[in-house]
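Visitor: Quick one: the structure is below, and I'll ask about it shortly.
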Amino acid sequence: MDKLKRVLSGRDAEDPGPLAEVVDASSLSWSTRLKGFIACFTLGVLCSILGTGLLWVPRKGLLLFAVFYTLGNISSIGSTVFLMGPMRQLKRMFEPTRLIATIVMLLCLILTLCAAFWWHNKGLALIFCILQFFALAWYSISYIPFARDAVKKCFTVCLT
């Protein structure tokens, strides 16, 4: 029966191997995927909290905040790979409705790390962290139907 499923799904009849299992999250049980999601998401939240705590360390605090906050966001985003699988996650991230939000979010993540490690500019790292927060929030609400429209409407009402 498993061979029939592999043939019908377009997979080779031979055993796909461990690498294919990692790439295809559906081969993991729901319990394992849920545990992976919770572990990655928890790690992401802990990194973000640790980064916030390190913000007040003299001289290096802002850079440590930027690095840990960014790593926390990357881990939190990566946690959804366990629920959807890597290919489905990438396809959904780059759908036309969230393409700009994805690009801005990824760009902010990269620029934060560049400002911290290569440019050694604390102010720029902080600005990119703030932009990263808003970009990630905008990206995240793109998964909730009509949420972006509601946010736009709230801001329009508040600003007029």
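FYI, nothing fancy with the structure tokens labels: chains A, B, ... in order, residues from 1 per chain, ligands from 1 as they appear.
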Report as a list of chain:residue names all protein, DNA and RNA residues lying within 7 Å of Ala116 (chain A), evaluated on only C-alpha atoms, omitting residues in the same chain fewer than 3 positions from it.
Guide: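 Listed by chain and then number, they are A:Leu63, A:Ala66, A:Thr112, A:Leu113, A:Trp119, A:His120, A:Asn121, A:Lys122, A:Ala125.
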Visitor: As an NGL selection string, please: every residue in chain A that a backbone DSSP assignment puts in helix (DSSP H, G or I).
Guide: :A and (2-8 or 17-23 or 25-27 or 30-54 or 61-84 or 86-93 or 99-117 or 122-141 or 147-159)
Visitor: Write the residues of the selection above to a file with C-alpha atoms, as a compact mmCIF listing (two decimals), in the first residue's frame.
Guide:
# COMPACT_ATOMS: atom_id res chain seq x y z
CA ASP A 2 2.87 2.40 0.82
CA LYS A 3 4.45 1.69 -2.57
CA LEU A 4 1.16 2.56 -4.26
CA LYS A 5 0.97 5.84 -2.34
CA ARG A 6 4.54 6.75 -3.36
CA VAL A 7 3.90 5.93 -7.00
CA LEU A 8 0.61 7.88 -7.06
CA GLY A 17 16.03 8.17 2.62
CA PRO A 18 16.41 10.37 5.68
CA LEU A 19 17.06 13.61 3.76
CA ALA A 20 13.73 13.31 1.94
CA GLU A 21 12.00 12.76 5.29
CA VAL A 22 13.45 16.01 6.62
CA VAL A 23 12.39 17.89 3.48
CA ALA A 25 7.47 17.33 6.89
CA SER A 26 4.33 15.31 6.17
CA SER A 27 6.38 12.15 6.78
CA TRP A 30 1.50 15.16 13.84
CA SER A 31 2.82 14.79 17.39
CA THR A 32 6.43 15.15 16.24
CA ARG A 33 5.62 18.15 14.06
CA LEU A 34 3.77 19.81 16.94
CA LYS A 35 6.71 19.18 19.30
CA GLY A 36 9.13 20.64 16.74
CA PHE A 37 6.93 23.70 16.31
CA ILE A 38 6.65 24.25 20.08
CA ALA A 39 10.39 23.75 20.60
CA CYS A 40 11.41 26.18 17.82
CA PHE A 41 8.81 28.77 18.77
CA THR A 42 9.78 28.57 22.47
CA LEU A 43 13.45 28.92 21.56
CA GLY A 44 12.57 31.97 19.47
CA VAL A 45 10.62 33.62 22.27
CA LEU A 46 13.41 32.87 24.77
CA CYS A 47 16.03 34.37 22.43
CA SER A 48 13.92 37.51 22.02
CA ILE A 49 13.43 37.83 25.79
CA LEU A 50 17.14 37.19 26.40
CA GLY A 51 18.00 39.85 23.82
CA THR A 52 15.74 42.33 25.57
CA GLY A 53 17.41 41.51 28.89
CA LEU A 54 20.85 41.99 27.35
CA GLY A 61 24.05 45.49 24.95
CA LEU A 62 22.46 46.95 21.85
CA LEU A 63 24.36 44.60 19.54
CA LEU A 64 23.48 41.59 21.70
CA PHE A 65 19.85 42.67 21.65
CA ALA A 66 19.86 42.97 17.86
CA VAL A 67 21.46 39.56 17.38
CA PHE A 68 19.31 37.65 19.88
CA TYR A 69 16.12 39.41 18.79
CA THR A 70 16.83 38.54 15.16
CA LEU A 71 17.74 34.93 15.96
CA GLY A 72 14.53 34.68 17.98
CA ASN A 73 12.46 35.91 15.04
CA ILE A 74 14.21 33.52 12.65
CA SER A 75 13.53 30.61 15.01
CA SER A 76 9.89 31.63 15.43
CA ILE A 77 9.38 31.85 11.66
CA GLY A 78 11.21 28.56 11.22
CA SER A 79 8.90 26.87 13.69
CA THR A 80 6.03 27.00 11.20
CA VAL A 81 8.06 24.78 8.86
CA PHE A 82 7.21 21.90 11.20
CA LEU A 83 3.50 22.53 10.75
CA MET A 84 3.42 23.14 7.00
CA PRO A 86 9.46 23.58 4.10
CA MET A 87 8.21 23.69 0.52
CA ARG A 88 4.65 24.67 1.43
CA GLN A 89 6.00 27.31 3.82
CA LEU A 90 8.18 28.82 1.07
CA LYS A 91 5.31 28.75 -1.42
CA ARG A 92 3.00 30.50 1.03
CA MET A 93 5.64 33.06 1.99
CA LEU A 99 5.42 38.83 -1.33
CA ILE A 100 6.29 42.41 -0.35
CA ALA A 101 5.82 41.66 3.37
CA THR A 102 8.11 38.62 3.07
CA ILE A 103 10.83 40.52 1.21
CA VAL A 104 10.78 43.44 3.65
CA MET A 105 10.81 41.06 6.64
CA LEU A 106 13.74 39.00 5.31
CA LEU A 107 15.60 42.15 4.30
CA CYS A 108 15.17 43.61 7.81
CA LEU A 109 16.44 40.37 9.38
CA ILE A 110 19.54 40.41 7.17
CA LEU A 111 20.19 44.14 7.56
CA THR A 112 19.94 43.89 11.36
CA LEU A 113 22.66 41.24 11.41
CA CYS A 114 24.77 43.23 8.92
CA ALA A 115 24.51 46.35 11.08
CA ALA A 116 25.51 44.36 14.15
CA PHE A 117 28.37 42.25 12.75
CA LYS A 122 24.37 50.20 17.02
CA GLY A 123 21.88 52.87 15.99
CA LEU A 124 21.31 51.28 12.61
CA ALA A 125 20.90 47.86 14.25
CA LEU A 126 18.23 49.31 16.53
CA ILE A 127 16.40 50.94 13.61
CA PHE A 128 16.44 47.64 11.72
CA CYS A 129 15.14 45.82 14.81
CA ILE A 130 12.20 48.22 14.96
CA LEU A 131 11.56 47.79 11.23
CA GLN A 132 11.94 44.04 11.71
CA PHE A 133 9.21 44.10 14.36
CA PHE A 134 6.75 45.93 12.12
CA ALA A 135 7.64 43.86 9.04
CA LEU A 136 7.20 40.61 10.97
CA ALA A 137 3.89 41.81 12.40
CA TRP A 138 2.63 42.78 8.92
CA TYR A 139 3.83 39.46 7.51
CA SER A 140 2.21 37.50 10.35
CA ILE A 141 -1.20 39.12 10.02
CA ALA A 147 -6.62 41.26 9.17
CA ARG A 148 -4.48 43.61 7.08
CA ASP A 149 -7.59 45.39 5.82
CA ALA A 150 -8.77 45.81 9.42
CA VAL A 151 -5.38 47.23 10.49
CA LYS A 152 -5.35 49.64 7.54
CA LYS A 153 -8.86 50.78 8.40
CA CYS A 154 -7.94 51.30 12.09
CA PHE A 155 -4.95 53.44 11.13
CA THR A 156 -7.02 55.41 8.65
CA VAL A 157 -9.64 56.11 11.32
CA CYS A 158 -7.00 57.04 13.91
CA LEU A 159 -5.13 59.36 11.56
Visitor: What gap, in Å, lies between CA of Pro145 (chain A) and CA of Thr160 (chain A)?
Guide: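 Interatomic distance here is 24.9 Å.
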